[in-house]
Structures are given as C-alpha cells and as structure tokens.
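Raw model_37.cif, mmCIF, C-alpha atoms (C1' of nucleotides):
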data_input
#
loop_
_atom_site.label_atom_id
_atom_site.label_comp_id
_atom_site.auth_asym_id
_atom_site.auth_seq_id
_atom_site.Cartn_x
_atom_site.Cartn_y
_atom_site.Cartn_z
CA MET A 778 -73.22 58.64 292.30
CA SER A 779 -71.77 55.18 291.68
CA THR A 780 -71.39 53.69 288.25
CA ARG A 781 -73.32 50.57 289.13
CA VAL A 782 -76.98 49.79 289.47
CA GLU A 783 -78.06 47.78 292.51
CA SER A 784 -78.28 44.02 292.54
CA ALA A 785 -81.95 43.24 291.84
CA ALA A 786 -82.21 45.88 289.15
CA GLU A 787 -78.90 44.76 287.73
CA LEU A 788 -80.11 41.17 287.54
CA TRP A 789 -83.26 42.30 285.82
CA LEU A 790 -81.43 44.49 283.33
CA THR A 791 -78.90 41.86 282.34
CA TRP A 792 -81.64 39.28 282.06
CA LYS A 793 -83.46 41.63 279.76
CA ARG A 794 -80.36 42.08 277.65
CA ALA A 795 -79.84 38.35 277.40
CA PHE A 796 -83.45 37.86 276.49
CA GLU A 797 -83.20 40.43 273.72
CA ALA A 798 -80.00 38.85 272.51
CA VAL A 799 -81.79 35.55 272.10
CA ARG A 800 -85.03 36.96 270.80
CA ALA A 801 -83.59 39.06 268.02
CA PRO A 802 -82.07 36.27 265.92
CA ILE A 803 -84.97 33.92 266.54
CA VAL A 804 -87.49 36.51 265.44
CA ALA A 805 -85.38 37.41 262.43
CA GLU A 806 -85.16 33.83 261.27
CA VAL A 807 -88.75 32.92 261.93
CA THR A 808 -90.26 35.96 260.27
CA ALA A 809 -87.93 35.68 257.29
CA GLY A 810 -89.69 32.60 256.01
CA SER A 811 -93.36 33.16 256.63
CA ASP A 812 -95.58 36.19 256.30
CA LEU A 813 -96.32 36.06 260.02
CA SER A 814 -94.98 38.51 262.54
CA GLU A 815 -93.66 37.14 265.80
CA PRO A 816 -96.67 38.20 267.89
CA GLU A 817 -98.96 36.65 265.31
CA LEU A 818 -97.05 33.41 265.57
CA SER A 819 -97.34 33.54 269.35
CA VAL A 820 -101.07 33.81 269.06
CA LEU A 821 -101.30 30.90 266.67
CA VAL A 822 -99.07 28.72 268.82
CA THR A 823 -101.00 29.51 271.97
CA LEU A 824 -104.23 28.80 270.18
CA PHE A 825 -102.81 25.57 268.92
CA GLU A 826 -101.68 24.49 272.36
CA ALA A 827 -105.14 25.24 273.64
CA GLY A 828 -106.49 22.71 271.17
CA GLY A 829 -107.33 25.05 268.30
CA ALA A 830 -109.70 27.43 270.05
CA ALA A 831 -109.75 29.58 273.13
CA ARG A 832 -111.51 32.42 274.84
CA GLN A 833 -109.94 35.75 274.11
CA ASN A 834 -109.28 36.62 277.74
CA VAL A 835 -107.61 33.25 278.30
CA LEU A 836 -105.43 33.87 275.29
CA ALA A 837 -104.50 37.28 276.64
CA ALA A 838 -103.64 35.78 280.01
CA GLU A 839 -101.53 33.02 278.50
CA LEU A 840 -99.62 35.52 276.44
CA GLY A 841 -99.32 38.00 279.27
CA TRP A 842 -100.79 40.68 277.04
CA ASP A 843 -103.47 43.25 277.55
CA ARG A 844 -106.91 42.90 275.98
CA THR A 845 -106.56 45.82 273.65
CA ARG A 846 -103.40 44.61 272.03
CA LEU A 847 -104.85 41.19 271.42
CA SER A 848 -108.06 42.68 270.07
CA HIS A 849 -106.27 44.80 267.50
CA LEU A 850 -104.00 41.96 266.48
CA LEU A 851 -106.90 39.54 266.12
CA THR A 852 -108.76 42.03 263.97
CA ARG A 853 -105.82 42.06 261.60
CA MET A 854 -105.42 38.29 261.71
CA GLU A 855 -109.11 37.77 261.13
CA ALA A 856 -108.91 39.92 258.04
CA ARG A 857 -106.13 37.69 256.74
CA GLU A 858 -108.16 34.59 257.53
CA TYR A 859 -105.81 33.03 260.03
CA VAL A 860 -108.49 32.90 262.73
CA THR A 861 -112.18 33.54 263.35
CA ARG A 862 -113.95 35.09 266.27
CA GLY A 863 -117.35 33.98 267.48
CA LYS A 864 -119.48 35.28 270.31
CA VAL A 865 -119.86 32.96 273.22
CA THR A 866 -121.59 33.31 276.55
CA GLY A 867 -119.41 35.62 278.54
CA GLY A 868 -117.10 36.74 275.77
CA VAL A 869 -115.52 35.79 272.49
CA GLU A 870 -113.95 32.58 271.34
CA VAL A 871 -111.17 32.54 268.80
CA ALA A 872 -110.51 29.58 266.56
CA LEU A 873 -107.74 28.58 264.19
CA LEU A 874 -108.59 28.48 260.52
CA THR A 875 -106.90 26.32 257.92
CA ARG A 876 -104.70 29.14 256.79
CA GLY A 877 -103.58 29.56 260.40
CA ARG A 878 -102.77 25.89 260.76
CA ASP A 879 -100.83 25.94 257.53
CA ALA A 880 -98.85 28.95 258.68
CA LEU A 881 -98.08 27.10 261.90
CA ASP A 882 -96.96 23.99 260.06
CA THR A 883 -94.54 26.11 258.08
CA SER A 884 -93.24 28.16 260.97
CA ILE A 885 -92.91 25.68 263.81
CA PRO A 886 -89.97 23.75 262.33
CA THR A 887 -88.11 27.01 261.77
CA LEU A 888 -88.93 28.11 265.29
CA GLU A 889 -87.78 24.80 266.70
CA ASP A 890 -84.55 25.05 264.79
CA SER A 891 -83.86 28.66 265.75
CA ALA A 892 -84.69 28.08 269.39
CA ARG A 893 -82.39 25.11 269.49
CA ARG A 894 -79.49 26.93 267.95
CA HIS A 895 -79.85 30.22 269.79
CA LEU A 896 -81.03 28.99 273.15
CA LEU A 897 -80.64 25.28 273.80
CA ASP A 898 -77.24 24.90 272.19
CA ALA A 899 -75.91 27.94 274.04
CA LEU A 900 -76.62 26.24 277.36
CA ASP A 901 -75.49 23.00 278.90
CA PRO A 902 -78.00 20.47 280.25
CA GLU A 903 -77.67 21.76 283.77
CA ASP A 904 -78.47 25.30 282.67
CA VAL A 905 -81.48 24.04 280.80
CA ARG A 906 -82.79 22.27 283.86
CA ALA A 907 -82.23 25.37 285.94
CA LEU A 908 -83.93 27.58 283.39
CA ARG A 909 -86.96 25.32 283.29
CA ARG A 910 -87.18 25.45 287.06
CA ILE A 911 -86.84 29.23 287.09
CA VAL A 912 -89.48 29.64 284.44
CA ARG A 913 -91.89 27.40 286.29
CA ARG A 914 -91.33 29.31 289.47
CA LEU A 915 -91.83 32.70 287.89
CA LEU A 916 -95.00 31.61 286.18
CA THR A 917 -96.61 30.36 289.35
CA SER A 918 -95.70 33.20 291.66
CA MET Q 278 -101.00 16.74 264.60
CA SER Q 279 -99.91 16.66 268.23
CA THR Q 280 -100.95 19.23 270.79
CA ARG Q 281 -97.39 19.96 271.88
CA VAL Q 282 -94.62 22.05 270.45
CA GLU Q 283 -91.14 20.53 270.37
CA SER Q 284 -88.65 20.90 273.17
CA ALA Q 285 -86.41 23.79 272.13
CA ALA Q 286 -89.31 25.88 270.90
CA GLU Q 287 -91.27 24.97 273.98
CA LEU Q 288 -88.43 26.12 276.21
CA TRP Q 289 -88.21 29.35 274.29
CA LEU Q 290 -91.94 29.99 274.43
CA THR Q 291 -92.28 29.34 278.13
CA TRP Q 292 -89.23 31.45 278.81
CA LYS Q 293 -90.83 34.22 276.85
CA ARG Q 294 -94.02 33.89 278.86
CA ALA Q 295 -92.11 34.01 282.13
CA PHE Q 296 -90.20 37.03 280.94
CA GLU Q 297 -93.42 38.82 280.05
CA ALA Q 298 -94.89 37.86 283.38
CA VAL Q 299 -92.01 39.55 285.15
CA ARG Q 300 -91.70 42.49 282.82
CA ALA Q 301 -95.31 43.59 282.92
CA PRO Q 302 -95.52 44.46 286.63
CA ILE Q 303 -92.05 45.96 286.71
CA VAL Q 304 -92.80 48.22 283.78
CA ALA Q 305 -96.15 49.17 285.24
CA GLU Q 306 -94.63 50.18 288.54
CA VAL Q 307 -91.64 51.98 287.13
CA THR Q 308 -93.54 54.00 284.56
CA ALA Q 309 -96.26 54.87 287.05
CA GLY Q 310 -93.98 57.19 288.98
CA SER Q 311 -91.87 58.95 286.40
CA ASP Q 312 -92.65 60.39 282.99
CA LEU Q 313 -90.20 57.98 281.40
CA SER Q 314 -91.22 55.01 279.31
CA GLU Q 315 -89.42 51.74 279.92
CA PRO Q 316 -87.27 51.93 276.76
CA GLU Q 317 -86.29 55.46 277.68
CA LEU Q 318 -85.22 54.31 281.09
CA SER Q 319 -83.18 51.52 279.50
CA VAL Q 320 -81.36 54.07 277.43
CA LEU Q 321 -80.60 56.27 280.41
CA VAL Q 322 -79.41 53.36 282.50
CA THR Q 323 -77.15 52.08 279.76
CA LEU Q 324 -75.78 55.52 279.23
CA PHE Q 325 -75.20 55.85 282.93
CA GLU Q 326 -73.39 52.53 283.12
CA ALA Q 327 -71.20 53.65 280.27
CA GLY Q 328 -70.12 56.61 282.37
CA GLY Q 329 -72.57 59.20 281.12
CA ALA Q 330 -71.83 59.15 277.42
CA ALA Q 331 -71.54 56.64 274.63
CA ARG Q 332 -71.45 56.22 270.90
CA GLN Q 333 -74.84 55.56 269.43
CA ASN Q 334 -73.88 52.28 267.83
CA VAL Q 335 -72.41 51.04 271.10
CA LEU Q 336 -75.60 51.96 272.85
CA ALA Q 337 -77.61 50.10 270.25
CA ALA Q 338 -75.41 47.05 270.65
CA GLU Q 339 -75.65 47.09 274.44
CA LEU Q 340 -79.39 47.32 274.26
CA GLY Q 341 -79.68 44.75 271.50
CA TRP Q 342 -81.69 47.24 269.45
CA ASP Q 343 -81.50 48.31 265.87
CA ARG Q 344 -80.13 51.72 264.87
CA THR Q 345 -83.39 53.10 263.62
CA ARG Q 346 -85.27 52.46 266.80
CA LEU Q 347 -82.60 54.09 268.89
CA SER Q 348 -82.39 57.04 266.54
CA HIS Q 349 -86.12 57.77 266.76
CA LEU Q 350 -86.15 57.35 270.51
CA LEU Q 351 -83.14 59.60 270.98
CA THR Q 352 -84.76 62.26 268.83
CA ARG Q 353 -87.71 62.26 271.21
CA MET Q 354 -85.50 62.18 274.28
CA GLU Q 355 -83.35 64.97 272.95
CA ALA Q 356 -86.44 67.11 272.49
CA ARG Q 357 -87.29 66.52 276.13
CA GLU Q 358 -83.76 67.41 277.19
CA TYR Q 359 -82.81 64.09 278.73
CA VAL Q 360 -79.78 63.70 276.44
CA THR Q 361 -77.75 65.48 273.78
CA ARG Q 362 -76.19 64.22 270.61
CA GLY Q 363 -72.92 65.47 269.22
CA LYS Q 364 -71.07 64.52 266.05
CA VAL Q 365 -67.85 62.64 266.59
CA THR Q 366 -65.36 61.16 264.17
CA GLY Q 367 -67.06 58.11 262.79
CA GLY Q 368 -70.48 58.67 264.30
CA VAL Q 369 -72.51 60.31 267.01
CA GLU Q 370 -71.97 60.45 270.73
CA VAL Q 371 -74.86 60.67 273.14
CA ALA Q 372 -74.53 62.20 276.59
CA LEU Q 373 -76.72 62.38 279.66
CA LEU Q 374 -78.09 65.78 280.59
CA THR Q 375 -79.05 66.89 284.07
CA ARG Q 376 -82.69 66.20 283.45
CA GLY Q 377 -81.72 62.68 282.45
CA ARG Q 378 -79.68 62.14 285.59
CA ASP Q 379 -82.52 63.43 287.70
CA ALA Q 380 -84.96 61.10 286.02
CA LEU Q 381 -82.57 58.24 286.71
CA ASP Q 382 -82.23 59.18 290.35
CA THR Q 383 -85.98 59.07 290.69
CA SER Q 384 -86.54 55.87 288.77
CA ILE Q 385 -83.71 53.63 289.88
CA PRO Q 386 -84.95 53.08 293.44
CA THR Q 387 -88.37 52.12 292.10
CA LEU Q 388 -86.76 49.83 289.59
CA GLU Q 389 -84.62 48.23 292.25
CA ASP Q 390 -87.64 47.66 294.43
CA SER Q 391 -89.80 46.25 291.65
CA ALA Q 392 -87.06 43.99 290.38
CA ARG Q 393 -86.47 42.67 293.85
CA ARG Q 394 -90.11 41.93 294.52
CA HIS Q 395 -91.00 40.49 291.13
CA LEU Q 396 -87.79 38.72 290.26
CA LEU Q 397 -85.36 38.20 293.12
CA ASP Q 398 -87.93 37.37 295.75
CA ALA Q 399 -89.63 34.90 293.45
CA LEU Q 400 -86.44 32.86 293.22
CA ASP Q 401 -84.24 31.18 295.78
CA PRO Q 402 -80.50 31.89 295.96
CA GLU Q 403 -79.66 28.86 293.89
CA ASP Q 404 -82.00 29.97 291.12
CA VAL Q 405 -80.44 33.39 291.17
CA ARG Q 406 -76.98 31.96 290.79
CA ALA Q 407 -78.16 29.79 287.94
CA LEU Q 408 -79.89 32.70 286.24
CA ARG Q 409 -76.78 34.80 286.44
CA ARG Q 410 -74.76 32.00 284.90
CA ILE Q 411 -77.30 31.51 282.13
CA VAL Q 412 -77.43 35.19 281.35
CA ARG Q 413 -73.66 35.43 281.19
CA ARG Q 414 -73.52 32.49 278.88
CA LEU Q 415 -76.18 33.78 276.54
CA LEU Q 416 -74.55 37.17 276.32
CA THR Q 417 -71.18 35.80 275.33
CA SER Q 418 -72.29 33.24 272.78
"C1'" DC W 814 -56.38 61.80 243.25
"C1'" DG W 815 -60.91 59.40 242.54
"C1'" DA W 816 -63.85 55.55 242.56
"C1'" DC W 817 -65.54 52.35 245.49
"C1'" DC W 818 -67.16 49.95 249.83
"C1'" DC W 819 -68.77 49.77 254.36
"C1'" DG W 820 -70.23 51.33 258.77
"C1'" DT W 821 -73.24 54.82 260.78
"C1'" DG W 822 -77.07 57.48 261.36
"C1'" DT W 823 -81.47 59.79 259.62
"C1'" DT W 824 -85.87 60.06 257.35
"C1'" DG W 825 -90.66 59.08 256.10
"C1'" DA W 826 -94.21 55.74 255.35
"C1'" DC W 827 -96.29 52.28 257.41
"C1'" DA W 828 -97.22 48.52 261.14
"C1'" DT W 829 -97.91 47.73 265.72
"C1'" DG W 830 -98.84 48.79 270.66
"C1'" DT W 831 -100.90 51.73 274.35
"C1'" DC W 832 -104.23 54.44 276.67
"C1'" DA W 833 -108.74 56.13 277.87
"C1'" DA W 834 -113.38 55.95 276.82
"C1'" DC W 835 -117.19 53.35 275.65
"C1'" DA W 836 -120.46 49.18 274.78
"C1'" DT W 837 -122.12 44.76 276.14
"C1'" DT W 838 -123.08 40.99 278.94
"C1'" DC W 839 -123.33 38.24 282.98
"C1'" DG W 840 -123.93 37.57 287.92
"C1'" DC W 841 -125.54 39.29 292.13
"C1'" DT W 842 -128.52 41.59 295.10
"C1'" DT W 843 -132.81 43.47 296.31
"C1'" DA J 13 -137.90 41.49 287.45
"C1'" DA J 14 -134.76 45.80 287.97
"C1'" DG J 15 -130.63 47.71 289.01
"C1'" DC J 16 -125.88 47.54 289.79
"C1'" DG J 17 -121.08 46.20 289.43
"C1'" DA J 18 -117.39 43.60 287.49
"C1'" DA J 19 -115.43 41.39 283.57
"C1'" DT J 20 -114.87 41.37 278.65
"C1'" DG J 21 -114.10 43.39 274.14
"C1'" DT J 22 -113.94 47.24 270.86
"C1'" DT J 23 -112.79 51.70 269.17
"C1'" DG J 24 -110.09 55.77 267.89
"C1'" DA J 25 -106.35 58.82 268.92
"C1'" DC J 26 -101.90 58.80 269.76
"C1'" DA J 27 -97.03 56.75 270.87
"C1'" DT J 28 -93.71 53.71 269.49
"C1'" DG J 29 -91.27 50.40 266.44
"C1'" DT J 30 -89.98 48.61 261.80
"C1'" DC J 31 -88.59 48.70 257.12
"C1'" DA J 32 -86.50 50.45 252.98
"C1'" DA J 33 -84.32 54.19 251.07
"C1'" DC J 34 -81.17 57.68 251.46
"C1'" DA J 35 -77.02 60.66 253.15
"C1'" DC J 36 -72.58 61.12 254.94
"C1'" DG J 37 -67.82 60.08 256.17
"C1'" DG J 38 -63.97 57.48 256.47
"C1'" DG J 39 -60.83 53.67 254.71
"C1'" DT J 40 -58.64 51.35 250.83
"C1'" DC J 41 -56.93 50.34 246.50
"C1'" DG J 42 -56.51 51.23 241.46
#
Encoded form (structure tokens):
Amino acid sequence: MSTRVESAAELWLTWKRAFEAVRAPIVAEVTAGSDLSEPELSVLVTLFEAGGAARQNVLAAELGWDRTRLSHLLTRMEAREYVTRGKVTGGVEVALLTRGRDALDTSIPTLEDSARRHLLDALDPEDVRALRRIVRRLLTS
Amino acid sequence: MSTRVESAAELWLTWKRAFEAVRAPIVAEVTAGSDLSEPELSVLVTLFEAGGAARQNVLAAELGWDRTRLSHLLTRMEAREYVTRGKVTGGVEVALLTRGRDALDTSIPTLEDSARRHLLDALDPEDVRALRRIVRRLLTS
DNA sequence: CGACCCGTGTTGACATGTCAACATTCGCTT
DNA sequence: AAGCGAATGTTGACATGTCAACACGGGTCG
C-alpha cells in the first residue's frame, strides 16, 4: 500500500482542494453582506445572465444541479419574493423580481471584488488564459 | 443594466460551473459502487495520505472544511467503524480502521478511473500542466 | 497560584441537499 | 382520438451542512 494516490485521482483531489480554498473566502465575504446564500446568488446571477427569466430545467442545466435541489431552493426564494414561477408550455419559467434584482445589485460588486482578490490576483495573466481555456474545454466535453 | 457580469466574477462563476460539471459524474460513479459518500471518501483519502492518522484540525485544514462539519461527519463515520478518535494533548487524533482501509481500496480504483475519464482525458497535456501550476499557486497563496 | 485568552472540538437547532416516489404535460404512435 | 413514454417539476422523508453557544485544556502573565 503506497502513500500516494494515482495521477488522475491526485489531480482531481488537489483541484478540489484548490477550488475549496478559493470558494471558502469568496462565499464568506459575499454572504456576509447580503441576506443571500451562495446558491441563491448563483440562481439570481444565472437568471440575470439569461436575461431575467429562464425555464427551470435550463437553469438546472446551467448550474449543473439536479431538478429537486433547484425546486426546493426556488420554493424558498419565491417565498422571499426574489423570483416568481409561472407555468409555461412544457414546464415552468422562473423570473427575477425587483427584490431579486436589488439583491443582485448589492452582491455583484462584492462578488467581483472577492473573485478578483482570491482568484484573479492569485494568478498571473498566463494562468488566467490557461484557466479560461480549461474551463471552456471542460464545459463542452 | 448590462447582461454580463464583470471579468473576475465571470471567471469565478464559469470555473465553478466547470468544476460542478466534472464533479457530478465523478461523484455519481464513485458513490454508485461503495457505501461511502463523497465527503467521507475525501476524509479517508486525506487520512490515508497523512499516513493513516491525523489531528482533526489538520484534517479540517487539508480539506478546507470547518471544524463542525468534520466533527459531525467523523461522528457518523466512527459509528460505522471507518475511523476512531482518540484524545491527544491539545486535541483529537483520528485514525483509519480496517474497514476504512478496505473502503479505500475499493473506491480508489473507481475514483482513478472516473477522474481520468472526466478530467484528464478532457484536457490535453498542456492543459494538465497548466492546471497543476494553477492549483499549486492557489493552494500556496 | 489564579485569572485570563485562545485554539480545539462538541452539541443541538435549524437550513440545505438528496433520494425515491409521484403528478403532470407534451409528443409520438397507432 | 387514445394510449404510451419521456421529460419536467413537486413532495416528503431523510442525510448532510451550518451557525451559535458551550466545554475543555493548555499557555501566559499578573
């Protein structure tokens, strides 16, 4: 029994550690200000990027989540008036409400700042280019 | 109001998406075989890499987790006889039990295989080198 | 000594995520 | 049109994670 894990697994595990190391402080800073949790913010951002409204299954796909999780979360967010859900042919469409947009306006600058400090600034331009390429590749495979 | 999120945040968000996209299938495959959840496997692997035993706070640091989470998880894992906890000057030391080692032996090959297919194979050698560099940098900053 | 302070870990209440089962709707086939 | 299957969401029970409060055990300094 060696004391090392094989190469692919090792790459995955260290990547995971690095990801956690970046995520933790960003989440801490972003959630400190607003009354949004990080997953809630993800939903709002994705919704925003989709133009303010999106089908629930599309949202789930974009986020890489499963339907159930999104459903529960949206139920909570609907109760707090961040979003609405409306039936649509073939499913449900979710739309940002004013309260959701306001929350976004408050949180995005913090997110931008945290992401810059904990991710961008930790890398040099070459790393950033490489990371973008890697991300693109992983998302299209 | 634009329809785009700024650069650092955008990098962070797409990275997060890519990470989720890789994590989901790996977790699905790894947990399908064994009766270990993914966090439990992480604990066992980290413990293994530390030589079979480690202080709880060290473990938490390695994993990038908070003490409470680890404590709860270890309580559950202790009940299932994967690990033991023993008091030590200045804290608690956790050690792998046979059942834990066995679970590792079963899961690691699957993990290796999944990680290779979903991560390594999706990237070319240059990407892999870049990712390793990025990870190292993020973990030491 | 004895009164802190700080790092560690645990606990219980609550928030969130997961899983399996179910409802609904749409498209396809006949 | 009627029936069927696949895709979409929801629900409730349970697993897991988070937060705030507490407990304990060293250091350190008066």
Exercise: residues within 6 Å of coordinate (-108.1, 57.3, 272.3), counting all atoms listed in the file, as a JSON list (two decimals) with C-alpha atoms (C1' of nucleotides), in the coordinates of the input:
[["chain", "number", "residue", "atom", "x", "y", "z"],
["W", 833, "DA", "C1'", -108.74, 56.13, 277.87],
["J", 24, "DG", "C1'", -110.09, 55.77, 267.89],
["J", 25, "DA", "C1'", -106.35, 58.82, 268.92]]
For this session: Report as a PyMOL selection string the full result of the PyMOL selection byres ((chain A) within 7 of (chain Q)) when it is applied to this structure.
Result: chain A and resi 780-781+783+785-786+789+791-792+794-795+797-798+825-826+828+840-841+888-889+892-893+897+899+904+907+911-912+915-916+918
For this session: Please return, as a list in words, all polymer residues that have at least one atom within 10 Å of the point (-124.6, 38.0, 277.8); use all atoms listed in the file and the file's own coordinate frame.
Result: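 The residues that fall inside the cut-off are Lys864, Val865, Thr866, Gly867 and Gly868 of chain A; DT837, DT838 and DC839 of chain W.
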Exercise. What is the atom CA of Q:Leu318-atom C1' of J:DA32 distance in Å, reported with one decimal?
Worked result: 28.4 Å
For this session: Can you turn the PyMOL selection byres ((chain J) within 12 of (chain A)) into a concrete residue list for this file, as JSON, numbers by chain?
Result: {"J": [19, 20, 21, 22, 23, 24, 30]}
For this session: Apply the PyMOL selection byres ((chain W and resi 817-831) around 7) to the displayed file and report the matching residues as a ChimeraX atom specification.
Result: /A:846 /Q:368 /W:816,832
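Interatomic distance, atom C1' of J:DA35 against atom CA of Q:Glu358: 25.9 Å.
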For this session: Could you please determine the separation between atom CA of A:Leu874 and atom CA of A:Val820 in Å, to one decimal place?
Result: 12.6 Å
Exercise. Counting only C-alpha atoms (C1' of nucleotides), which of Q:Glu370, Q:Glu355, Q:Asp312, Q:Glu306 gets nearest to chain W?
Worked result: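 Distance minimum relative to chain W lands on Q:Glu370.
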Problem set entry | Test item: residues at most 6 Å from Q:Ala372, only C-alpha atoms (C1' of nucleotides), excluding those fewer than 6 positions along its chain, as a PyMOL selection string | chain Q and resi 329-330+360-361
For this session: Tell me which of A:Leu850, A:Leu824, A:Ala856, A:Ala880 sits closest to chain W, counting all atoms listed in the file.
Result: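 For chain W, the nearest of the candidates is A:Leu850.
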